[in-house]
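This is input.txt (compact mmCIF, C-alpha atoms and all ligand atoms).
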# COMPACT_ATOMS: atom_id res chain seq x y z
CA MET A 30 35.94 -48.41 -50.22
CA ILE A 31 38.91 -49.37 -48.10
CA ILE A 32 38.88 -52.62 -46.10
CA LYS A 33 41.21 -53.38 -43.23
CA PHE A 34 41.57 -56.92 -41.85
CA LYS A 35 41.89 -57.94 -38.22
CA LYS A 36 45.38 -58.76 -36.97
CA ASN A 37 45.15 -62.57 -37.08
CA TYR A 38 42.29 -62.80 -39.49
CA PRO A 39 40.92 -66.20 -40.49
CA GLN A 40 42.08 -66.97 -44.02
CA ASP A 41 38.92 -68.87 -44.98
CA SER A 42 36.81 -65.79 -44.19
CA ALA A 43 39.19 -63.61 -46.24
CA ASP A 44 38.92 -66.04 -49.17
CA ARG A 45 35.13 -65.91 -48.99
CA LEU A 46 35.19 -62.09 -48.93
CA PHE A 47 37.40 -61.91 -52.03
CA THR A 48 35.10 -64.36 -53.84
CA PHE A 49 32.07 -62.29 -52.76
CA LEU A 50 33.62 -59.07 -54.12
CA LYS A 51 34.71 -60.73 -57.36
CA ASP A 52 31.26 -62.22 -57.92
CA ARG A 53 29.74 -58.77 -57.47
CA GLY A 54 32.03 -57.39 -60.17
CA PHE A 55 34.56 -55.54 -58.01
CA THR A 56 38.34 -55.61 -58.32
CA THR A 57 40.67 -55.12 -55.38
CA LYS A 58 44.00 -53.43 -54.95
CA ASP A 59 46.30 -54.47 -52.12
CA VAL A 60 47.81 -51.56 -50.19
CA SER A 61 48.92 -53.53 -47.11
CA SER A 62 51.70 -52.26 -44.91
CA ASP A 63 54.02 -54.37 -42.71
CA ASN A 64 51.58 -56.08 -40.42
CA VAL A 65 48.28 -54.75 -41.61
CA LYS A 66 46.30 -56.16 -44.47
CA ILE A 67 44.53 -53.29 -46.23
CA PHE A 68 43.04 -53.13 -49.69
CA GLY A 69 40.89 -50.89 -51.80
CA VAL A 70 37.70 -52.08 -53.49
CA ILE A 71 37.32 -50.68 -56.97
CA GLY A 72 33.96 -50.35 -58.73
CA ASP A 73 30.58 -48.84 -57.91
CA THR A 74 30.70 -49.53 -54.19
CA LEU A 75 27.37 -47.73 -53.68
CA GLN A 76 25.94 -51.12 -54.58
CA ILE A 77 27.25 -52.64 -51.37
CA ASP A 78 26.21 -51.94 -47.87
CA LYS A 79 29.01 -51.77 -45.31
CA SER A 80 27.13 -54.26 -43.14
CA GLU A 81 27.60 -56.85 -45.90
CA ILE A 82 31.36 -56.42 -45.54
CA TYR A 83 31.29 -56.53 -41.74
CA ALA A 84 29.48 -59.88 -41.98
CA PHE A 85 32.89 -61.39 -42.84
CA ASP A 86 34.77 -62.26 -39.70
CA CYS A 87 38.16 -61.19 -41.12
CA VAL A 88 37.10 -57.52 -41.41
CA GLU A 89 38.11 -54.99 -38.80
CA GLU A 90 37.05 -51.86 -40.63
CA ALA A 91 35.40 -50.85 -43.89
CA ILE A 92 35.66 -47.19 -44.84
CA ARG A 93 33.73 -45.55 -47.60
CA ILE A 94 35.65 -42.94 -49.55
CA MET A 95 32.84 -41.91 -51.87
CA VAL A 96 29.70 -40.39 -50.33
CA PRO A 97 26.80 -42.87 -50.46
CA TYR A 98 24.55 -40.40 -52.26
CA LYS A 99 25.56 -39.85 -55.81
CA LYS A 100 23.13 -37.90 -57.97
CA GLY A 101 22.61 -35.22 -55.32
CA SER A 102 26.31 -34.67 -54.69
CA ARG A 103 28.56 -31.87 -55.88
CA GLU A 104 30.88 -34.53 -57.28
CA PHE A 105 28.09 -35.57 -59.65
CA GLN A 106 27.15 -31.98 -60.54
CA ALA A 107 29.33 -29.07 -59.50
CA PHE A 108 26.94 -26.24 -60.40
CA ASP A 109 23.77 -25.36 -58.47
CA THR A 110 20.51 -26.89 -59.64
CA VAL A 111 18.00 -24.26 -60.68
CA ILE A 112 14.36 -25.34 -60.79
CA ASP A 113 12.09 -23.64 -63.28
CA LEU A 114 8.51 -23.36 -62.02
CA GLY A 115 7.33 -21.61 -65.17
CA ASP A 116 6.06 -18.03 -65.54
CA GLY A 117 9.60 -16.76 -65.00
CA ILE A 118 9.87 -18.18 -61.47
CA LYS A 119 13.10 -20.01 -60.79
CA ILE A 120 14.38 -21.53 -57.55
CA GLY A 121 18.08 -21.97 -56.75
CA GLY A 122 21.31 -20.46 -57.98
CA ASP A 123 22.05 -17.00 -56.63
CA SER A 124 18.54 -15.89 -55.75
CA HIS A 125 16.63 -16.17 -52.48
CA THR A 126 12.99 -17.20 -52.88
CA MET A 127 10.31 -16.53 -50.28
CA MET A 128 7.37 -18.89 -49.75
CA ALA A 129 4.66 -17.89 -47.29
CA GLY A 130 1.17 -18.82 -46.23
CA PRO A 131 -0.78 -20.41 -43.42
CA CYS A 132 0.14 -23.62 -41.68
CA SER A 133 -3.28 -24.98 -42.62
CA VAL A 134 -5.78 -24.03 -45.28
CA GLU A 135 -8.89 -23.24 -43.23
CA ASN A 136 -11.50 -21.50 -45.37
CA GLU A 137 -11.95 -19.39 -48.49
CA ASP A 138 -11.99 -16.07 -46.69
CA GLN A 139 -8.66 -16.80 -44.98
CA MET A 140 -7.07 -17.95 -48.23
CA MET A 141 -8.29 -15.01 -50.31
CA LYS A 142 -6.99 -12.54 -47.73
CA ILE A 143 -3.62 -14.28 -47.76
CA GLY A 144 -3.51 -14.53 -51.55
CA ALA A 145 -4.24 -10.81 -51.98
CA TYR A 146 -1.68 -9.92 -49.33
CA LEU A 147 1.08 -12.07 -50.86
CA LYS A 148 0.40 -10.63 -54.29
CA ALA A 149 0.75 -7.12 -52.88
CA GLN A 150 4.03 -8.15 -51.26
CA ASN A 151 5.35 -9.62 -54.53
CA ILE A 152 5.64 -13.07 -52.97
CA GLN A 153 5.23 -15.65 -55.70
CA ILE A 154 4.78 -18.90 -53.82
CA LEU A 155 1.87 -19.68 -51.49
CA ARG A 156 2.23 -22.40 -48.88
CA GLY A 157 -0.66 -24.11 -47.13
CA GLY A 158 -1.31 -27.49 -45.55
CA ALA A 159 -4.40 -29.36 -46.73
CA PHE A 160 -3.47 -32.71 -45.21
CA LYS A 161 -2.08 -31.96 -41.76
CA PRO A 162 0.23 -34.41 -40.02
CA ARG A 163 -0.60 -33.62 -36.39
CA THR A 164 0.93 -35.10 -33.28
CA SER A 165 -2.55 -35.71 -31.91
CA PRO A 166 -5.27 -37.50 -33.91
CA TYR A 167 -7.76 -35.17 -32.16
CA SER A 168 -6.20 -32.01 -33.62
CA PHE A 169 -7.42 -30.43 -36.88
CA GLN A 170 -6.41 -32.77 -39.69
CA GLY A 171 -6.86 -30.38 -42.61
CA LEU A 172 -9.49 -29.85 -45.32
CA LYS A 173 -7.81 -32.46 -47.51
CA GLU A 174 -8.92 -32.34 -51.19
CA ASP A 175 -11.11 -29.28 -50.55
CA GLY A 176 -8.03 -27.59 -49.09
CA LEU A 177 -5.99 -28.34 -52.20
CA LYS A 178 -8.79 -26.93 -54.37
CA LEU A 179 -8.87 -23.76 -52.29
CA LEU A 180 -5.11 -23.39 -52.58
CA ARG A 181 -5.32 -23.74 -56.35
CA LYS A 182 -8.22 -21.32 -56.60
CA THR A 183 -6.36 -18.73 -54.53
CA ALA A 184 -3.15 -19.18 -56.46
CA ASP A 185 -4.91 -18.88 -59.80
CA ARG A 186 -6.77 -15.77 -58.74
CA PHE A 187 -3.59 -13.99 -57.67
CA GLY A 188 -1.08 -15.52 -60.09
CA LEU A 189 0.84 -17.48 -57.46
CA LYS A 190 2.46 -20.92 -57.33
CA VAL A 191 1.41 -23.41 -54.67
CA ILE A 192 3.29 -25.71 -52.32
CA SER A 193 1.52 -28.22 -50.06
CA GLU A 194 2.46 -31.27 -48.04
CA ILE A 195 1.64 -34.76 -49.28
CA PRO A 196 0.76 -37.28 -46.55
CA SER A 197 1.01 -40.54 -48.51
CA VAL A 198 1.28 -42.17 -51.92
CA GLU A 199 -2.48 -42.73 -52.46
CA VAL A 200 -3.20 -39.02 -52.83
CA LEU A 201 -0.36 -38.29 -55.27
CA PRO A 202 -2.83 -37.86 -58.19
CA LEU A 203 -4.52 -35.03 -56.25
CA PHE A 204 -1.19 -33.30 -55.76
CA GLU A 205 -0.34 -33.76 -59.44
CA THR A 206 -3.60 -31.97 -60.21
CA TYR A 207 -3.57 -29.09 -57.76
CA VAL A 208 -0.08 -28.10 -56.63
CA ASP A 209 3.12 -26.79 -58.21
CA ILE A 210 5.57 -28.07 -55.58
CA ILE A 211 5.00 -31.18 -53.48
CA GLN A 212 6.21 -30.88 -49.89
CA VAL A 213 7.40 -33.95 -48.01
CA GLY A 214 7.06 -33.27 -44.30
CA ALA A 215 9.72 -33.94 -41.71
CA ARG A 216 7.82 -36.97 -40.44
CA ASN A 217 7.75 -38.50 -43.91
CA MET A 218 11.37 -37.88 -44.86
CA GLN A 219 12.13 -41.58 -44.71
CA ASN A 220 8.88 -42.83 -46.21
CA PHE A 221 10.85 -44.50 -48.98
CA TYR A 222 7.82 -45.74 -50.94
CA LEU A 223 6.50 -42.19 -51.06
CA LEU A 224 9.92 -40.91 -52.15
CA LYS A 225 10.10 -43.52 -54.90
CA ALA A 226 6.66 -42.51 -56.16
CA LEU A 227 7.75 -38.86 -56.17
CA GLY A 228 10.79 -39.88 -58.18
CA LYS A 229 8.36 -40.67 -60.99
CA SER A 230 6.50 -37.36 -60.65
CA LYS A 231 7.14 -34.35 -62.85
CA LYS A 232 6.52 -31.94 -59.96
CA PRO A 233 9.37 -30.44 -57.94
CA VAL A 234 9.66 -31.96 -54.46
CA PHE A 235 10.39 -29.93 -51.31
CA LEU A 236 12.04 -32.39 -48.94
CA LYS A 237 12.04 -31.37 -45.30
CA ARG A 238 14.73 -32.76 -43.04
CA GLY A 239 13.47 -35.31 -40.53
CA LEU A 240 13.27 -34.37 -36.86
CA SER A 241 16.48 -36.21 -36.04
CA ALA A 242 17.85 -37.11 -39.44
CA THR A 243 21.55 -36.83 -40.12
CA LEU A 244 22.74 -34.89 -43.10
CA GLU A 245 23.57 -38.15 -44.81
CA GLU A 246 20.10 -39.62 -44.18
CA TRP A 247 18.51 -36.46 -45.55
CA LEU A 248 20.63 -36.53 -48.69
CA MET A 249 19.97 -40.25 -49.12
CA SER A 250 16.23 -39.51 -49.05
CA ALA A 251 16.76 -36.91 -51.78
CA GLU A 252 18.66 -39.60 -53.66
CA TYR A 253 15.54 -41.80 -53.80
CA ILE A 254 13.69 -39.04 -55.65
CA LEU A 255 16.61 -38.18 -57.94
CA ASP A 256 17.29 -41.82 -58.71
CA GLY A 257 13.66 -42.26 -59.74
CA GLY A 258 14.23 -39.68 -62.49
CA ASN A 259 12.91 -36.50 -60.85
CA ASP A 260 15.82 -34.07 -60.64
CA SER A 261 13.83 -31.19 -59.14
CA VAL A 262 14.41 -31.59 -55.43
CA ILE A 263 14.62 -28.76 -52.89
CA LEU A 264 16.07 -29.48 -49.45
CA CYS A 265 14.57 -27.72 -46.42
CA GLU A 266 16.09 -27.47 -42.95
CA ARG A 267 13.24 -26.95 -40.45
CA GLY A 268 14.97 -27.44 -37.14
CA VAL A 269 15.97 -30.65 -35.43
CA ARG A 270 15.02 -32.14 -32.10
CA ALA A 271 17.60 -31.22 -29.48
CA PHE A 272 17.53 -31.03 -25.68
CA GLU A 273 16.12 -27.49 -25.62
CA THR A 274 12.45 -27.11 -24.80
CA TYR A 275 12.06 -23.31 -24.92
CA THR A 276 12.10 -23.43 -28.71
CA ARG A 277 10.09 -25.91 -30.73
CA ASN A 278 13.19 -27.18 -32.52
CA THR A 279 16.77 -26.06 -33.04
CA LEU A 280 17.50 -24.54 -36.43
CA ASP A 281 20.55 -26.41 -37.66
CA ILE A 282 22.04 -23.66 -39.74
CA THR A 283 25.32 -25.59 -39.88
CA ALA A 284 23.60 -28.53 -41.58
CA ALA A 285 21.96 -26.20 -44.08
CA LEU A 286 25.37 -24.76 -44.95
CA ALA A 287 26.89 -28.22 -45.15
CA ALA A 288 24.03 -29.35 -47.41
CA LYS A 289 24.91 -26.47 -49.74
CA GLU A 290 28.52 -27.58 -49.72
CA LEU A 291 27.79 -31.27 -50.33
CA SER A 292 24.86 -30.99 -52.70
CA HIS A 293 23.95 -28.98 -55.78
CA LEU A 294 20.26 -28.98 -54.80
CA PRO A 295 18.59 -25.75 -53.60
CA VAL A 296 18.57 -25.48 -49.79
CA PHE A 297 15.74 -23.70 -47.98
CA ILE A 298 15.20 -22.74 -44.35
CA ASP A 299 11.94 -22.95 -42.40
CA PRO A 300 12.35 -20.49 -39.52
CA SER A 301 8.72 -20.96 -38.41
CA HIS A 302 8.86 -24.64 -37.46
CA ALA A 303 12.37 -24.23 -36.06
CA ALA A 304 11.43 -21.41 -33.70
CA GLY A 305 7.85 -22.25 -32.84
CA ARG A 306 7.39 -18.68 -31.62
CA VAL A 307 7.01 -15.41 -33.45
CA SER A 308 9.68 -13.44 -31.58
CA LEU A 309 12.53 -15.55 -32.99
CA ILE A 310 11.49 -15.76 -36.61
CA ASP A 311 12.85 -12.47 -37.92
CA PRO A 312 16.49 -13.07 -36.86
CA LEU A 313 16.37 -16.67 -38.08
CA ALA A 314 15.10 -15.41 -41.43
CA GLN A 315 18.11 -13.06 -41.52
CA ALA A 316 20.36 -16.03 -40.77
CA ALA A 317 18.88 -17.90 -43.73
CA LEU A 318 19.82 -15.00 -45.95
CA ALA A 319 23.26 -14.65 -44.37
CA ILE A 320 24.19 -18.24 -45.25
CA ARG A 321 22.87 -17.64 -48.75
CA ALA A 322 20.23 -20.32 -48.48
CA HIS A 323 18.22 -20.45 -51.68
CA GLY A 324 15.07 -19.37 -49.92
CA GLN A 325 12.77 -19.79 -46.99
CA ILE A 326 9.23 -20.77 -46.10
CA ILE A 327 7.34 -18.80 -43.46
CA GLU A 328 3.94 -19.24 -41.84
CA ILE A 329 1.59 -16.26 -41.80
CA HIS A 330 -2.05 -15.87 -40.82
CA PRO A 331 -4.51 -12.95 -40.96
CA GLU A 332 -5.47 -13.73 -37.35
CA PRO A 333 -2.89 -16.02 -35.71
CA GLU A 334 -4.94 -16.27 -32.54
CA LYS A 335 -7.67 -18.00 -34.53
CA ALA A 336 -5.35 -20.29 -36.52
CA LEU A 337 -6.34 -23.95 -36.47
CA SER A 338 -2.67 -24.96 -36.31
CA ASP A 339 0.65 -23.33 -35.43
CA GLY A 340 -0.82 -19.95 -34.43
CA ALA A 341 2.05 -19.32 -31.99
CA GLN A 342 4.57 -19.24 -34.82
CA SER A 343 2.43 -17.54 -37.46
CA LEU A 344 3.26 -13.94 -38.33
CA THR A 345 0.54 -11.36 -38.83
CA PHE A 346 0.58 -9.50 -42.14
CA ASP A 347 2.15 -6.50 -40.41
CA GLN A 348 4.88 -8.62 -38.89
CA PHE A 349 5.62 -10.26 -42.22
CA THR A 350 5.71 -6.89 -43.98
CA ALA A 351 8.27 -5.66 -41.45
CA LEU A 352 10.30 -8.84 -41.84
CA MET A 353 10.32 -8.47 -45.63
CA SER A 354 11.46 -4.90 -45.39
CA ARG A 355 14.39 -5.82 -43.15
CA LEU A 356 15.26 -8.81 -45.33
CA LYS A 357 15.25 -6.55 -48.37
CA THR A 358 17.77 -4.22 -46.73
CA SER A 359 20.05 -7.17 -45.97
CA ALA A 360 19.56 -8.75 -49.39
CA ASP A 361 20.50 -5.47 -51.09
CA ALA A 362 23.64 -5.19 -48.95
CA LEU A 363 24.59 -8.77 -49.72
CA ARG A 364 23.61 -8.35 -53.38
CA ILE A 365 21.23 -11.28 -53.23
CA PRO A 366 18.19 -11.09 -55.51
CA LEU A 367 15.21 -11.52 -53.16
CA GLN A 368 12.05 -12.80 -54.82
C1 LIG B 401 4.40 -27.71 -42.07
O1 LIG B 401 5.11 -27.23 -42.97
O2 LIG B 401 3.30 -27.21 -41.73
C2 LIG B 401 4.89 -28.88 -41.33
C3 LIG B 401 4.07 -29.72 -40.73
O3 LIG B 401 6.23 -28.95 -41.32
P1 LIG B 401 7.23 -30.11 -40.79
O4 LIG B 401 6.98 -31.31 -41.63
O5 LIG B 401 8.57 -29.48 -41.00
O6 LIG B 401 6.91 -30.33 -39.33
MN MN B 402 2.92 -25.63 -39.46

Have the structure of the file written as structure tokens, please.
Ligand code: PEP
Ligand code: MN
Amino acid sequence: MIIKFKKNYPQDSADRLFTFLKDRGFTTKDVSSDNVKIFGVIGDTLQIDKSEIYAFDCVEEAIRIMVPYKKGSREFQAFDTVIDLGDGIKIGGDSHTMMAGPCSVENEDQMMKIGAYLKAQNIQILRGGAFKPRTSPYSFQGLKEDGLKLLRKTADRFGLKVISEIPSVEVLPLFETYVDIIQVGARNMQNFYLLKALGKSKKPVFLKRGLSATLEEWLMSAEYILDGGNDSVILCERGVRAFETYTRNTLDITAALAAKELSHLPVFIDPSHAAGRVSLIDPLAQAALAIRAHGQIIEIHPEPEKALSDGAQSLTFDQFTALMSRLKTSADALRIPLQ
């Protein structure tokens, strides 16, 4: 961290700052020029918050040189993290992994139809919400534990892996029992107590980007999980809130690319929640492949018109089959293993 003092800074404040830094175990190196007092702070400056430095009246500017996230950064690990889900299924690296399923788990018939369809399509990971974070408390809230059981039953019948969204810490034991990947929804991205608990879990965590989270905030949330000891974190860009209202969200493909540059963690795209409407999903899925995201998660439903949530963005089986066929053509051209 570099600290620059104000022009006529009060000496007593400067003395107190130097004592503060020394007491915290940091050394300083003076790099002042003619009229400007500048110095570098040496040590693990992730331990200090910039606001602590700005509390000293002498300070004009404090600039961090190291990124505030550490374990998730490329500086910490240059190569891509690959997450092994078992049964030969790996996420990350050079491959592009598809996850698909309904927004919400609704009933056994729906889930069995989807499970059989995904198996036939060679899709290995089934998504499905059992606890649904809805904008309105009057909307369908999910089947909860029964939903998780149905997901597991479907996955076991068809040899699939399961991803589902966790609403809060209390139900973590249920997720440990029934799912293979724990999804943290956009609205929970900064639920730090949940993230800390997931840091102690052995299950991979799929961390969706918050509705208006910066790249740094997103990576800092991943850091909570990594720092807890769980190094299996997948980042997912699902669209951010912008000024546009025609689409549900705006897919921030730039941020997904930047996340790949800054972090070694797998980066996924969720075209469904970004678009909010079926007509836009196919090209966004192509974009995910074009930026060499590590995979994507797409909502499908046997009868979208009857879906209890997100029907407008859910693809029918026929639409998903067509999308997969076009993605396969692109993946072959780009030499990306699609799984
Ligand atoms: C979902 O995946 O169904 C969901 C609610 O996603 P998000 O948290 O991105 O809104
Ligand atoms: Mn949904």

Compare A:Leu244, A:Ala149, A:Ala129, A:Met140 by their minimum atom-to-atom distance to ligand MN 402 (chain B), counting all atoms listed in the file, and give me the closest one.
A:Ala129

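Among all protein and nucleic acid residues, the ones that lie within 9 Å of ligand MN 402 (chain B) when counting all atoms listed in the file are Pro131, Cys132, Ser133, Gly157, Gly158, Lys161, Ser301, His302, Gly305, Glu328, Ser338, Asp339, Gly340, Gln342 and Ser343 of chain A.
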
Surroundings of ligand LIG 401 (chain B) up to 10 Å, based on all atoms listed in the file, as a PyMOL selection string:
chain A and resi 130-133+156-164+192-196+212-218+236-240+265-269+278+299-303+326-328+338-339

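Of the residues listed (A:Val296, A:Leu286, A:Ala271, A:Ile77), A:Ile77 shows the shortest atom-to-atom separation from Arg93 (chain A); distances use only C-alpha atoms.
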
Provide the CA of Leu367 (chain A) to CA of Met127 (chain A) distance in Å, to one decimal place.
7.6 Å

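Counting only C-alpha atoms, the residue from A:Gln348, A:Thr74, A:Ser250, A:Ser359 that sits nearest to Ala316 (chain A) is A:Ser359.
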
Distance of CA of Met128 (chain A) from CA of Ile152 (chain A), expressed in Å to one decimal place:
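Taking CA of Ile152 (chain A) and CA of Met128 (chain A), their separation equals 6.9 Å.
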
Length of the CA of Tyr38 (chain A) to CA of Gly54 (chain A) vector [Å]
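If I compute the distance from CA of Tyr38 (chain A) to CA of Gly54 (chain A), I get 23.7 Å.
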
Give the answer as one residue: which of A:Leu227, A:Met30, A:Val198, A:Leu180 has the shortest atom-to-atom distance to Asp138 (chain A), using only C-alpha atoms?
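Ranked by minimum distance to Asp138 (chain A), first place goes to A:Leu180.
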
Around all of region 327-346 of chain A's listed atoms, make the axis-aligned box with 8 Å on each side and tell me centre and edge lengths in Å to one decimal, as AutoDock Vina command-line options.
--center_x -0.2 --center_y -17.2 --center_z -37.7 --size_x 31.0 --size_y 31.5 --size_z 27.5

Mind checking which residues fall within 9 Å of Ala351 (chain A), counting only C-alpha atoms, ignoring those fewer than 5 positions away in the same chain, and posting them as a ChimeraX atom specification?
/A:311,346,356

With all atoms listed in the file as the basis for distance, which of A:Phe34, A:Thr48, A:Leu224, A:Glu334 is at the shortest distance from Ser62 (chain A)?
A:Phe34

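Distance annotation: of A:Leu280, A:Ile112, A:Lys119, A:Ala319, the residue with the minimal separation from Asp361 (chain A) is A:Ala319; atom set is all atoms listed in the file.
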